[in-house]
Structures are given as structure tokens and as C-alpha cells.
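Data file: data.csv. Format and content: CSV, N, CA and C atoms.
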```csv
chain,number,residue,atom,x,y,z
A,1,MET,N,0.9,-1.2,0.0
A,1,MET,CA,0.0,0.0,0.0
A,1,MET,C,0.9,1.2,0.0
A,2,ASN,N,0.6,2.2,-0.9
A,2,ASN,CA,1.4,3.4,-1.0
A,2,ASN,C,1.0,4.4,0.0
A,3,LYS,N,1.8,5.5,0.2
A,3,LYS,CA,1.6,6.5,1.1
A,3,LYS,C,0.2,7.2,0.9
A,4,HIS,N,-0.1,7.5,-0.4
A,4,HIS,CA,-1.4,8.1,-0.8
A,4,HIS,C,-2.6,7.3,-0.3
A,5,GLU,N,-2.5,6.0,-0.6
A,5,GLU,CA,-3.6,5.1,-0.2
A,5,GLU,C,-3.8,5.1,1.4
A,6,THR,N,-2.7,5.1,2.1
A,6,THR,CA,-2.7,5.1,3.5
A,6,THR,C,-3.4,6.3,4.1
A,7,LYS,N,-3.0,7.5,3.5
A,7,LYS,CA,-3.6,8.7,3.9
A,7,LYS,C,-5.1,8.8,3.6
A,8,THR,N,-5.5,8.3,2.4
A,8,THR,CA,-6.9,8.3,2.0
A,8,THR,C,-7.7,7.4,2.9
A,9,ILE,N,-7.2,6.2,3.2
A,9,ILE,CA,-7.8,5.3,4.2
A,9,ILE,C,-8.0,6.0,5.5
A,10,ASP,N,-7.0,6.6,6.0
A,10,ASP,CA,-7.1,7.3,7.3
A,10,ASP,C,-8.2,8.4,7.3
A,11,ASN,N,-8.2,9.2,6.2
A,11,ASN,CA,-9.2,10.2,6.1
A,11,ASN,C,-10.6,9.6,6.1
A,12,ARG,N,-10.9,8.6,5.3
A,12,ARG,CA,-12.2,8.0,5.2
A,12,ARG,C,-12.6,7.3,6.5
A,13,PHE,N,-11.6,6.6,7.1
A,13,PHE,CA,-11.9,5.9,8.3
A,13,PHE,C,-12.2,6.9,9.5
A,14,ASN,N,-11.5,8.0,9.5
A,14,ASN,CA,-11.8,9.0,10.5
A,14,ASN,C,-13.2,9.6,10.4
A,15,TYR,N,-13.7,9.6,9.2
A,15,TYR,CA,-15.0,10.1,8.9
A,15,TYR,C,-16.1,9.1,9.3
A,16,GLY,N,-15.7,7.9,9.5
A,16,GLY,CA,-16.6,6.9,10.0
A,16,GLY,C,-17.1,5.9,9.0
A,17,LEU,N,-16.5,6.0,7.7
A,17,LEU,CA,-17.0,5.2,6.6
A,17,LEU,C,-18.5,5.2,6.5
A,18,ARG,N,-19.0,6.4,6.6
A,18,ARG,CA,-20.5,6.6,6.5
A,18,ARG,C,-21.1,6.4,5.1
A,19,ARG,N,-20.3,6.7,4.1
A,19,ARG,CA,-20.8,6.6,2.7
A,19,ARG,C,-20.4,5.2,2.2
A,20,LEU,N,-21.3,4.7,1.3
A,20,LEU,CA,-21.1,3.4,0.6
A,20,LEU,C,-19.7,3.4,-0.1
A,21,SER,N,-19.5,4.5,-0.8
A,21,SER,CA,-18.2,4.6,-1.6
A,21,SER,C,-17.0,4.5,-0.7
A,22,ASP,N,-17.1,5.0,0.5
A,22,ASP,CA,-15.9,4.9,1.5
A,22,ASP,C,-15.8,3.4,1.9
A,23,ARG,N,-16.9,2.8,2.2
A,23,ARG,CA,-16.9,1.4,2.6
A,23,ARG,C,-16.4,0.5,1.5
A,24,LEU,N,-16.7,0.8,0.2
A,24,LEU,CA,-16.2,0.0,-0.9
A,24,LEU,C,-14.7,0.2,-1.0
A,25,PHE,N,-14.2,1.4,-0.9
A,25,PHE,CA,-12.8,1.6,-0.9
A,25,PHE,C,-12.1,0.9,0.2
A,26,TYR,N,-12.6,1.0,1.4
A,26,TYR,CA,-12.0,0.3,2.6
A,26,TYR,C,-12.0,-1.2,2.4
A,27,ALA,N,-13.1,-1.8,1.9
A,27,ALA,CA,-13.2,-3.2,1.7
A,27,ALA,C,-12.3,-3.7,0.7
A,28,ARG,N,-12.1,-3.0,-0.4
A,28,ARG,CA,-11.2,-3.4,-1.5
A,28,ARG,C,-9.7,-3.4,-0.9
A,29,ILE,N,-9.4,-2.3,-0.2
A,29,ILE,CA,-8.0,-2.2,0.3
A,29,ILE,C,-7.8,-3.3,1.4
A,30,LYS,N,-8.8,-3.6,2.2
A,30,LYS,CA,-8.7,-4.6,3.2
A,30,LYS,C,-8.5,-6.0,2.6
A,31,ALA,N,-9.2,-6.2,1.4
A,31,ALA,CA,-9.0,-7.5,0.7
A,31,ALA,C,-7.7,-7.6,-0.1
A,32,LYS,N,-7.0,-6.5,-0.1
A,32,LYS,CA,-5.7,-6.4,-0.8
A,32,LYS,C,-5.9,-6.6,-2.3
A,33,LEU,N,-6.9,-5.9,-2.8
A,33,LEU,CA,-7.2,-6.0,-4.2
A,33,LEU,C,-7.0,-4.6,-4.8
A,34,SER,N,-6.5,-4.5,-6.1
A,34,SER,CA,-6.3,-3.3,-6.8
A,34,SER,C,-7.6,-3.0,-7.6
A,35,HIS,N,-7.7,-1.8,-8.1
A,35,HIS,CA,-8.9,-1.6,-9.0
A,35,HIS,C,-8.9,-2.5,-10.2
A,36,GLU,N,-7.7,-2.8,-10.7
A,36,GLU,CA,-7.5,-3.7,-11.8
A,36,GLU,C,-7.9,-5.2,-11.5
A,37,ASP,N,-7.6,-5.6,-10.2
A,37,ASP,CA,-8.0,-6.9,-9.8
A,37,ASP,C,-9.5,-7.1,-9.8
A,38,VAL,N,-10.2,-6.1,-9.2
A,38,VAL,CA,-11.7,-6.2,-9.1
A,38,VAL,C,-12.3,-6.1,-10.6
A,39,ALA,N,-11.7,-5.2,-11.4
A,39,ALA,CA,-12.1,-5.1,-12.8
A,39,ALA,C,-12.0,-6.4,-13.5
A,40,LYS,N,-11.0,-7.2,-13.3
A,40,LYS,CA,-10.8,-8.5,-14.0
A,40,LYS,C,-11.8,-9.5,-13.5
A,41,ILE,N,-12.1,-9.5,-12.2
A,41,ILE,CA,-13.1,-10.4,-11.6
A,41,ILE,C,-14.4,-10.1,-12.2
A,42,ARG,N,-14.8,-8.8,-12.3
A,42,ARG,CA,-16.1,-8.4,-12.7
A,42,ARG,C,-16.3,-8.3,-14.2
A,43,ASN,N,-15.1,-8.4,-14.9
A,43,ASN,CA,-15.1,-8.2,-16.4
A,43,ASN,C,-15.6,-6.8,-16.8
A,44,ILE,N,-15.0,-5.8,-16.1
A,44,ILE,CA,-15.3,-4.4,-16.3
A,44,ILE,C,-14.0,-3.6,-16.4
A,45,THR,N,-14.1,-2.3,-16.5
A,45,THR,CA,-12.9,-1.5,-16.5
A,45,THR,C,-12.5,-1.0,-15.1
A,46,ALA,N,-11.2,-0.8,-14.9
A,46,ALA,CA,-10.7,-0.3,-13.6
A,46,ALA,C,-11.3,1.1,-13.3
A,47,LYS,N,-11.6,1.9,-14.4
A,47,LYS,CA,-12.2,3.2,-14.2
A,47,LYS,C,-13.6,3.1,-13.5
A,48,THR,N,-14.3,2.0,-13.9
A,48,THR,CA,-15.7,1.8,-13.2
A,48,THR,C,-15.5,1.5,-11.8
A,49,VAL,N,-14.5,0.7,-11.4
A,49,VAL,CA,-14.3,0.4,-10.0
A,49,VAL,C,-13.9,1.7,-9.2
A,50,LYS,N,-13.1,2.5,-9.8
A,50,LYS,CA,-12.7,3.8,-9.2
A,50,LYS,C,-13.9,4.7,-9.0
A,51,ARG,N,-14.8,4.7,-10.0
A,51,ARG,CA,-16.0,5.5,-9.9
A,51,ARG,C,-16.9,5.1,-8.8
A,52,TRP,N,-17.0,3.8,-8.5
A,52,TRP,CA,-17.8,3.3,-7.4
A,52,TRP,C,-17.3,3.8,-6.1
A,53,GLU,N,-16.0,4.1,-6.0
A,53,GLU,CA,-15.4,4.6,-4.8
A,53,GLU,C,-15.4,6.1,-4.6
A,54,THR,N,-16.1,6.8,-5.5
A,54,THR,CA,-16.3,8.2,-5.4
A,54,THR,C,-17.7,8.4,-4.8
A,55,ARG,N,-17.9,9.6,-4.3
A,55,ARG,CA,-19.2,9.9,-3.6
A,55,ARG,C,-20.3,9.9,-4.6
A,56,SER,N,-20.1,10.2,-5.9
A,56,SER,CA,-21.2,10.3,-6.8
A,56,SER,C,-21.4,9.1,-7.7
A,57,GLY,N,-20.4,8.1,-7.6
A,57,GLY,CA,-20.5,7.0,-8.5
A,57,GLY,C,-20.7,5.6,-7.8
A,58,ALA,N,-21.1,5.6,-6.6
A,58,ALA,CA,-21.3,4.3,-5.9
A,58,ALA,C,-22.4,3.5,-6.5
A,59,PRO,N,-22.3,2.2,-6.6
A,59,PRO,CA,-23.4,1.4,-7.3
A,59,PRO,C,-24.7,1.5,-6.5
A,60,LYS,N,-25.7,1.5,-7.3
A,60,LYS,CA,-27.1,1.6,-6.7
A,60,LYS,C,-27.7,0.2,-6.6
A,61,SER,N,-27.2,-0.7,-7.4
A,61,SER,CA,-27.8,-2.1,-7.4
A,61,SER,C,-27.3,-2.9,-6.2
A,62,GLN,N,-28.3,-3.4,-5.4
A,62,GLN,CA,-28.0,-4.2,-4.3
A,62,GLN,C,-27.4,-5.6,-4.7
A,63,ASN,N,-27.7,-6.1,-5.9
A,63,ASN,CA,-27.1,-7.3,-6.3
A,63,ASN,C,-25.6,-7.1,-6.6
A,64,LEU,N,-25.3,-6.0,-7.1
A,64,LEU,CA,-23.9,-5.7,-7.4
A,64,LEU,C,-23.1,-5.5,-6.0
A,65,ILE,N,-23.7,-4.8,-5.1
A,65,ILE,CA,-23.1,-4.7,-3.8
A,65,ILE,C,-22.9,-6.0,-3.1
A,66,MET,N,-23.9,-6.9,-3.3
A,66,MET,CA,-23.8,-8.3,-2.7
A,66,MET,C,-22.6,-9.0,-3.3
A,67,GLU,N,-22.5,-8.9,-4.7
A,67,GLU,CA,-21.4,-9.5,-5.3
A,67,GLU,C,-20.0,-9.0,-4.9
A,68,LEU,N,-20.0,-7.7,-4.7
A,68,LEU,CA,-18.7,-7.0,-4.2
A,68,LEU,C,-18.4,-7.5,-2.8
A,69,ALA,N,-19.4,-7.7,-1.9
A,69,ALA,CA,-19.2,-8.2,-0.6
A,69,ALA,C,-18.6,-9.6,-0.6
A,70,GLU,N,-19.1,-10.4,-1.6
A,70,GLU,CA,-18.5,-11.7,-1.7
A,70,GLU,C,-17.1,-11.6,-2.2
A,71,ILE,N,-16.8,-10.8,-3.2
A,71,ILE,CA,-15.4,-10.6,-3.7
A,71,ILE,C,-14.5,-10.2,-2.6
A,72,TYR,N,-15.0,-9.2,-1.8
A,72,TYR,CA,-14.1,-8.7,-0.7
A,72,TYR,C,-14.2,-9.5,0.6
A,73,ASN,N,-15.0,-10.5,0.6
A,73,ASN,CA,-15.2,-11.4,1.7
A,73,ASN,C,-15.5,-10.6,3.0
A,74,ILE,N,-16.5,-9.8,2.9
A,74,ILE,CA,-16.9,-8.9,3.9
A,74,ILE,C,-18.4,-8.9,4.1
A,75,SER,N,-19.0,-8.6,5.2
A,75,SER,CA,-20.4,-8.6,5.4
A,75,SER,C,-21.2,-7.7,4.5
A,76,TYR,N,-22.2,-8.3,3.8
A,76,TYR,CA,-23.0,-7.5,2.9
A,76,TYR,C,-23.8,-6.5,3.7
A,77,LEU,N,-24.3,-6.8,4.8
A,77,LEU,CA,-25.1,-5.9,5.6
A,77,LEU,C,-24.2,-4.7,6.0
A,78,TRP,N,-23.0,-4.9,6.4
A,78,TRP,CA,-22.1,-3.8,6.8
A,78,TRP,C,-21.7,-3.0,5.5
A,79,LEU,N,-21.4,-3.7,4.4
A,79,LEU,CA,-21.0,-3.0,3.2
A,79,LEU,C,-22.2,-2.1,2.7
A,80,SER,N,-23.3,-2.6,2.6
A,80,SER,CA,-24.5,-1.9,2.1
A,80,SER,C,-25.1,-0.9,3.0
A,81,PHE,N,-25.3,-1.3,4.3
A,81,PHE,CA,-26.0,-0.5,5.2
A,81,PHE,C,-25.2,0.1,6.4
A,82,ARG,N,-24.0,-0.4,6.5
A,82,ARG,CA,-23.1,0.0,7.6
A,82,ARG,C,-23.8,-0.5,8.9
A,83,TYR,N,-24.3,-1.7,8.8
A,83,TYR,CA,-24.9,-2.3,10.0
A,83,TYR,C,-24.2,-3.6,10.4
A,84,GLY,N,-24.0,-3.8,11.7
A,84,GLY,CA,-23.4,-5.0,12.2
A,84,GLY,C,-21.9,-4.9,12.1
A,85,ASN,N,-21.3,-6.1,12.0
A,85,ASN,CA,-19.8,-6.2,12.1
A,85,ASN,C,-19.3,-6.5,10.7
A,86,GLU,N,-18.3,-5.8,10.2
A,86,GLU,CA,-17.8,-6.0,8.9
A,86,GLU,C,-17.1,-7.4,8.8
A,87,GLU,N,-16.8,-8.0,9.9
A,87,GLU,CA,-16.1,-9.3,9.9
A,87,GLU,C,-17.0,-10.5,9.7
A,88,TYR,N,-18.3,-10.3,9.7
A,88,TYR,CA,-19.2,-11.4,9.5
A,88,TYR,C,-19.1,-11.8,8.0
A,89,TYR,N,-18.3,-12.8,7.7
A,89,TYR,CA,-18.0,-13.1,6.4
A,89,TYR,C,-19.1,-13.7,5.6
A,90,PHE,N,-19.1,-13.3,4.3
A,90,PHE,CA,-20.2,-13.6,3.4
A,90,PHE,C,-20.4,-15.1,3.3
A,91,ASP,N,-19.3,-15.9,3.2
A,91,ASP,CA,-19.4,-17.3,3.0
A,91,ASP,C,-20.0,-18.1,4.1
A,92,GLN,N,-20.2,-17.4,5.3
A,92,GLN,CA,-20.7,-18.1,6.4
A,92,GLN,C,-22.3,-18.2,6.3
A,93,GLY,N,-22.9,-17.4,5.4
A,93,GLY,CA,-24.3,-17.4,5.3
A,93,GLY,C,-25.0,-16.7,6.4
A,94,PHE,N,-26.3,-16.7,6.5
A,94,PHE,CA,-27.1,-16.1,7.5
A,94,PHE,C,-28.0,-17.0,8.2
A,95,GLU,N,-27.8,-17.1,9.5
A,95,GLU,CA,-28.6,-18.0,10.3
A,95,GLU,C,-29.9,-17.2,10.6
A,96,PRO,N,-31.1,-17.9,10.6
A,96,PRO,CA,-32.4,-17.2,10.9
A,96,PRO,C,-32.4,-16.4,12.2
A,97,GLU,N,-31.7,-16.9,13.2
A,97,GLU,CA,-31.7,-16.2,14.5
A,97,GLU,C,-30.9,-14.9,14.4
A,98,TYR,N,-29.8,-14.9,13.6
A,98,TYR,CA,-29.0,-13.7,13.3
A,98,TYR,C,-29.9,-12.6,12.6
A,99,ILE,N,-30.6,-13.1,11.6
A,99,ILE,CA,-31.4,-12.1,10.8
A,99,ILE,C,-32.5,-11.6,11.7
A,100,ASN,N,-33.1,-12.4,12.5
A,100,ASN,CA,-34.2,-12.0,13.4
A,100,ASN,C,-33.7,-10.9,14.4
A,101,GLU,N,-32.5,-11.2,14.9
A,101,GLU,CA,-31.9,-10.2,15.9
A,101,GLU,C,-31.6,-8.9,15.2
A,102,LEU,N,-31.0,-9.0,14.0
A,102,LEU,CA,-30.7,-7.7,13.2
A,102,LEU,C,-32.0,-6.9,13.0
A,103,TRP,N,-33.0,-7.6,12.5
A,103,TRP,CA,-34.3,-7.0,12.2
A,103,TRP,C,-34.9,-6.2,13.4
A,104,HIS,N,-34.9,-6.9,14.6
A,104,HIS,CA,-35.5,-6.3,15.8
A,104,HIS,C,-34.6,-5.1,16.3
A,105,ASN,N,-33.3,-5.1,15.9
A,105,ASN,CA,-32.5,-4.0,16.4
A,105,ASN,C,-32.6,-2.7,15.5
A,106,LEU,N,-33.3,-2.9,14.3
A,106,LEU,CA,-33.5,-1.7,13.4
A,106,LEU,C,-34.7,-0.9,13.9
A,107,ASP,N,-34.6,0.4,13.7
A,107,ASP,CA,-35.7,1.3,14.0
A,107,ASP,C,-36.7,1.2,12.8
A,108,ARG,N,-37.9,1.7,12.9
A,108,ARG,CA,-38.9,1.6,11.9
A,108,ARG,C,-38.5,2.1,10.5
A,109,GLU,N,-37.8,3.2,10.5
A,109,GLU,CA,-37.3,3.7,9.2
A,109,GLU,C,-36.3,2.8,8.5
A,110,LYS,N,-35.4,2.2,9.3
A,110,LYS,CA,-34.4,1.3,8.7
A,110,LYS,C,-35.1,0.0,8.3
A,111,GLN,N,-36.1,-0.4,9.0
A,111,GLN,CA,-36.9,-1.6,8.5
A,111,GLN,C,-37.6,-1.3,7.2
A,112,LYS,N,-38.2,-0.2,7.0
A,112,LYS,CA,-38.8,0.2,5.8
A,112,LYS,C,-37.8,0.2,4.6
A,113,SER,N,-36.6,0.8,4.9
A,113,SER,CA,-35.6,0.9,3.9
A,113,SER,C,-35.1,-0.5,3.5
A,114,THR,N,-34.9,-1.3,4.5
A,114,THR,CA,-34.5,-2.7,4.2
A,114,THR,C,-35.5,-3.4,3.4
A,115,MET,N,-36.8,-3.3,3.7
A,115,MET,CA,-37.8,-3.9,2.9
A,115,MET,C,-37.8,-3.5,1.4
A,116,VAL,N,-37.5,-2.2,1.2
A,116,VAL,CA,-37.4,-1.7,-0.2
A,116,VAL,C,-36.3,-2.3,-0.9
A,117,HIS,N,-35.1,-2.4,-0.2
A,117,HIS,CA,-33.9,-3.1,-0.8
A,117,HIS,C,-34.2,-4.6,-1.1
A,118,LEU,N,-34.9,-5.2,-0.2
A,118,LEU,CA,-35.2,-6.7,-0.4
A,118,LEU,C,-36.1,-6.9,-1.6
A,119,GLN,N,-37.1,-6.0,-1.7
A,119,GLN,CA,-38.0,-6.1,-2.8
A,119,GLN,C,-37.3,-5.9,-4.1
A,120,LYS,N,-36.3,-5.0,-4.2
A,120,LYS,CA,-35.5,-4.7,-5.4
A,120,LYS,C,-34.7,-6.0,-5.7
A,121,LEU,N,-34.1,-6.6,-4.7
A,121,LEU,CA,-33.3,-7.8,-4.9
A,121,LEU,C,-34.2,-9.0,-5.5
A,122,MET,N,-35.4,-9.0,-5.0
A,122,MET,CA,-36.3,-10.1,-5.4
A,122,MET,C,-37.0,-9.9,-6.8
A,123,SER,N,-36.9,-8.7,-7.3
A,123,SER,CA,-37.6,-8.4,-8.6
A,123,SER,C,-36.7,-8.7,-9.7
```

Could you spell out this file's structure in C-alpha cells?
Amino acid sequence: MNKHETKTIDNRFNYGLRRLSDRLFYARIKAKLSHEDVAKIRNITAKTVKRWETRSGAPKSQNLIMELAEIYNISYLWLSFRYGNEEYYFDQGFEPEYINELWHNLDREKQKSTMVHLQKLMS
């Protein structure tokens, strides 16, 4: 990791990784992947991956975010919604008790937002 990436990570981390674009950047760096690595995996350009990590270009598709969570081996819920622990690895799956606990810890607005995202995923 070069000096510029380290400074960028520190700046985004200090902000709290509130934006999806910041979490995508963080997850890619943590997975030790370059823009080019992710581009090869997804069969896209490195420019597209870079755009996802900007504030205006983050992906809107939850299916794509789920795929990226799998590529980065990081929690989809954390990557998409900044909820829970980032270390809950994608390949472990979701136990019904865990989903139930997460659901009941959400306030009403976040439950509505989650339902909208789930409906989009299922359509």
C-alpha cells in the first residue's frame, strides 16, 4: 500500500466510513485488491471500480453490492447499510436467529428501507 492510499484510508476511516463509496474503498483495500483486480473479476474497467469509490458513483444495485461483498469477503449488511460487524464473512451465510436479531435492532425507518432493498433484490 502506498503513502497516498494510507492517507486516503485514514481520512475516510476518521469520517466513520459513512458513505457506501468509502466502505467500498475500505473493503477493497482490506481485501488487498487493486482496481484492476476487481475489474478483472467483474469483467469491467478499472475506471468503473474507481468511480464506485467516489461519492457520486457508488453502485445503486444491491445485487452488485452483494457480489462485491462476496469478492471482498466482507459482510453484505455492513457494506451496504453499515450495520453489524464487517467481519461477518459472506461465505458463512445467514442464520435465521441472526437475521431476526438484526431486524429487531432496526428502527422503523431502517426496517422500511431494508424492505425496499429486499423487494428490489427479489424483482

Length of the atom C of Lys32 in chain A to atom N of Asn63 in chain A vector [Å]
22.1 Å

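From CA of Ser21 in chain A back to CA of Gly57 in chain A, the distance works out to 7.7 Å.
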
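Separating atom C of Ser34 in chain A from atom C of Ile65 in chain A is a distance of 16.2 Å.
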
What's the 8 Å shell around Arg55 in chain A, counting all atoms listed in the file, without same-chain residues fewer than 6 positions away, as an NGL selection string?
:A and (19-22)

With distances taken over all atoms listed in the file, which of A:Phe25, A:His35, A:Ser113, A:Ser80 is nearest to Lys47 in chain A?
A:His35

I need every residue sitting at most 7 Å from the point (-11.3, -10.6, -0.8) (coordinates as in the file, all atoms listed in the file considered), written as JSON, numbers by chain.
{"A": [30, 31, 32, 33, 70, 71, 72, 73, 74]}

Quick one: residues within 8 Å of Arg82 in chain A, only N, CA and C atoms counted, chain neighbours fewer than 3 positions away excluded, as a PyMOL selection string?
chain A and resi 17-20+76-79+85-86
